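*Asks:* The structure's right below; bear with me while I get my questions together.
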Amino acid sequence: MNKQEIAKVAAELALDFYKKEQERQNKLKRDRRLRNTKLLLRNYRKFKIHCEENTQSLKVLQDPNSLEHINIDELVIESIIKNKERTAAMIAYVDRMIDIYRVMAERSSKPEDLRRFKIMHDYYIAEEIINAENIAACHFIDKRTVYRDINKACEALSSLIFGVDGIRMIV
């Protein structure tokens, strides 16, 4: 084997390695988005309660007279305020994306799309906590189908939440 052949083989191997590494990184990115969507949904009810309580606590935190007796650094207060505002903004955004997903599911010609939305809503969003067994009984499906539908719904919702990057997840 001469030097050119060795260089060609080395370049091909390096290119293959690079492509595989890119695919692995893209898969990790997609997995993170799906995991983040599920994490958001799992904590959705807590975040909603947190946001409802934010209005009053933000007023208190932003009023310098109400905190005179407490020796708290201004930086800490600013950090708390920003955190509460970010949480409220994120929940408002997720609420809009859930509404868009609901409309898409209602307009779909596939009945399973609407069922997936309803199952995801019952499992994560509805005020009353409903377990997978009850959801399965309500929809006359197997418990395993509930979890598959939740995964499909989360994939669809991820594409709405994360935009173009989320679309790559489904493809």
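Ordered as shown in the structure tokens, chains take letters A, B, and onward, while each chain numbers its residues from 1 and ligands are numbered from 1 in the order shown.
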Fewer than 2 positions away in the same chain doesn't count, so skip those; otherwise give me all residues within 8 Å of range 132-137 of chain A, counting only C-alpha atoms, as a PDB file with N, CA and C atoms, in the first residue's frame.
*Replies:*
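Result file is out.pdb:
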ATOM      1  N   ILE A 119     -55.332  11.495  26.076  1.00  0.00           N
ATOM      2  CA  ILE A 119     -54.595  10.681  27.048  1.00  0.00           C
ATOM      3  C   ILE A 119     -53.474  11.489  27.675  1.00  0.00           C
ATOM      4  N   ASP A 122     -55.090  14.009  30.021  1.00  0.00           N
ATOM      5  CA  ASP A 122     -55.567  13.388  31.262  1.00  0.00           C
ATOM      6  C   ASP A 122     -54.408  12.997  32.177  1.00  0.00           C
ATOM      7  N   TYR A 123     -53.330  12.522  31.592  1.00  0.00           N
ATOM      8  CA  TYR A 123     -52.210  12.014  32.376  1.00  0.00           C
ATOM      9  C   TYR A 123     -51.376  13.143  32.994  1.00  0.00           C
ATOM     10  N   ILE A 130     -55.153  11.319  37.043  1.00  0.00           N
ATOM     11  CA  ILE A 130     -55.736  10.051  36.599  1.00  0.00           C
ATOM     12  C   ILE A 130     -54.589   9.117  36.234  1.00  0.00           C
ATOM     13  N   HIS A 139     -60.750   4.697  27.800  1.00  0.00           N
ATOM     14  CA  HIS A 139     -60.626   4.686  26.337  1.00  0.00           C
ATOM     15  C   HIS A 139     -60.756   3.281  25.738  1.00  0.00           C
ATOM     16  N   PHE A 140     -60.999   2.290  26.598  1.00  0.00           N
ATOM     17  CA  PHE A 140     -61.142   0.898  26.161  1.00  0.00           C
ATOM     18  C   PHE A 140     -59.904   0.418  25.410  1.00  0.00           C
ATOM     19  N   ILE A 141     -58.739   0.699  25.995  1.00  0.00           N
ATOM     20  CA  ILE A 141     -57.474   0.274  25.409  1.00  0.00           C
ATOM     21  C   ILE A 141     -56.626  -0.368  26.491  1.00  0.00           C
ATOM     22  N   ASP A 142     -55.533  -0.982  26.073  1.00  0.00           N
ATOM     23  CA  ASP A 142     -54.603  -1.611  26.993  1.00  0.00           C
ATOM     24  C   ASP A 142     -53.751  -0.540  27.691  1.00  0.00           C
ATOM     25  N   LYS A 143     -53.314  -0.823  28.888  1.00  0.00           N
ATOM     26  CA  LYS A 143     -52.491   0.115  29.649  1.00  0.00           C
ATOM     27  C   LYS A 143     -51.213   0.452  28.873  1.00  0.00           C
ATOM     28  N   THR A 145     -50.866   0.649  25.700  1.00  0.00           N
ATOM     29  CA  THR A 145     -51.225   1.590  24.639  1.00  0.00           C
ATOM     30  C   THR A 145     -51.273   3.011  25.183  1.00  0.00           C
ATOM     31  N   VAL A 146     -51.669   3.164  26.432  1.00  0.00           N
ATOM     32  CA  VAL A 146     -51.678   4.487  27.069  1.00  0.00           C
ATOM     33  C   VAL A 146     -50.265   5.063  27.050  1.00  0.00           C
ATOM     34  N   TYR A 147     -49.296   4.257  27.454  1.00  0.00           N
ATOM     35  CA  TYR A 147     -47.918   4.743  27.489  1.00  0.00           C
ATOM     36  C   TYR A 147     -47.366   5.004  26.083  1.00  0.00           C
TER      37      TYR A 147
END
*Asks:* Interatomic distance between CA of Ile81 in chain A and CA of Leu160 in chain A?
*Replies:* 27.4 Å
*Asks:* If you take only C-alpha atoms and a cut-off of 10 Å, which residues of range 93-133 of chain A touch range 28-42 of chain A, and what are their nearest atom pairs and distances in Å to one decimal, in chain and number order, as a tab-separated table?
*Replies:*
residue	atom	partner	partner_atom	distance
A:Val94	CA	A:Leu40	CA	8.6
A:Met120	CA	A:Leu41	CA	8.9
A:His121	CA	A:Leu41	CA	9.3
A:Tyr123	CA	A:Arg42	CA	8.8
A:Tyr124	CA	A:Leu41	CA	5.6
A:Ile125	CA	A:Leu41	CA	7.3
*Asks:* Would you compute the distance between CA of Pro111 in chain A and CA of Glu155 in chain A? Give it in Å to one decimal.
*Replies:*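 CA of Glu155 in chain A lies 17.2 Å from CA of Pro111 in chain A.
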*Asks:* Give the answer as one residue: which of A:Phe117, A:Asn131, A:Phe47, A:Ser108 has the shortest atom-to-atom distance to Asn151 in chain A, using only C-alpha atoms?
*Replies:*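 Residue with the minimum atom-to-atom distance to Asn151 in chain A: A:Phe117.
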*Asks:* For Met104 in chain A, find every residue with an atom within 10 Å (counting only C-alpha atoms), except residues of its own chain fewer than 4 positions away, and show them as a ChimeraX atom specification.
*Replies:* /A:98-100,108-109,113-114,117
*Asks:* For the selection just defined, write its residues with C-alpha atoms to a file, as a PDB file, in the first residue's frame.
*Replies:*
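selection33.pdb written:
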ATOM      1  CA  ILE A  98     -50.746  22.423  24.124  1.00  0.00           C
ATOM      2  CA  ASP A  99     -53.669  24.415  22.681  1.00  0.00           C
ATOM      3  CA  ILE A 100     -52.139  24.236  19.203  1.00  0.00           C
ATOM      4  CA  SER A 108     -56.812  15.344  12.225  1.00  0.00           C
ATOM      5  CA  SER A 109     -58.525  12.693  10.155  1.00  0.00           C
ATOM      6  CA  ASP A 113     -54.411  11.624  17.171  1.00  0.00           C
ATOM      7  CA  LEU A 114     -57.265  13.006  19.257  1.00  0.00           C
ATOM      8  CA  PHE A 117     -53.995  14.256  22.944  1.00  0.00           C
TER       9      PHE A 117
END
*Asks:* From the set A:Ala7, A:Ile80, A:Glu85, A:Lys46, which residue has the shortest atom-to-atom contact distance to Ala126 in chain A, counting only C-alpha atoms?
*Replies:* A:Lys46
*Asks:* Can you list, as JSON, numbers by chain, every protein, DNA or RNA residue that comes within 12 Å of Ala89 in chain A when you count only C-alpha atoms, leaving out same-chain residues fewer than 6 positions away?
*Replies:* {"A": [47, 48, 50, 51, 54, 82, 83, 95, 96]}
*Asks:* Restricting the calculation to only C-alpha atoms: of A:Arg144, A:Lys19, A:Arg45, A:Lys8, which residue gets closest to Ile91 in chain A?
*Replies:*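 Closest candidate: A:Arg45.
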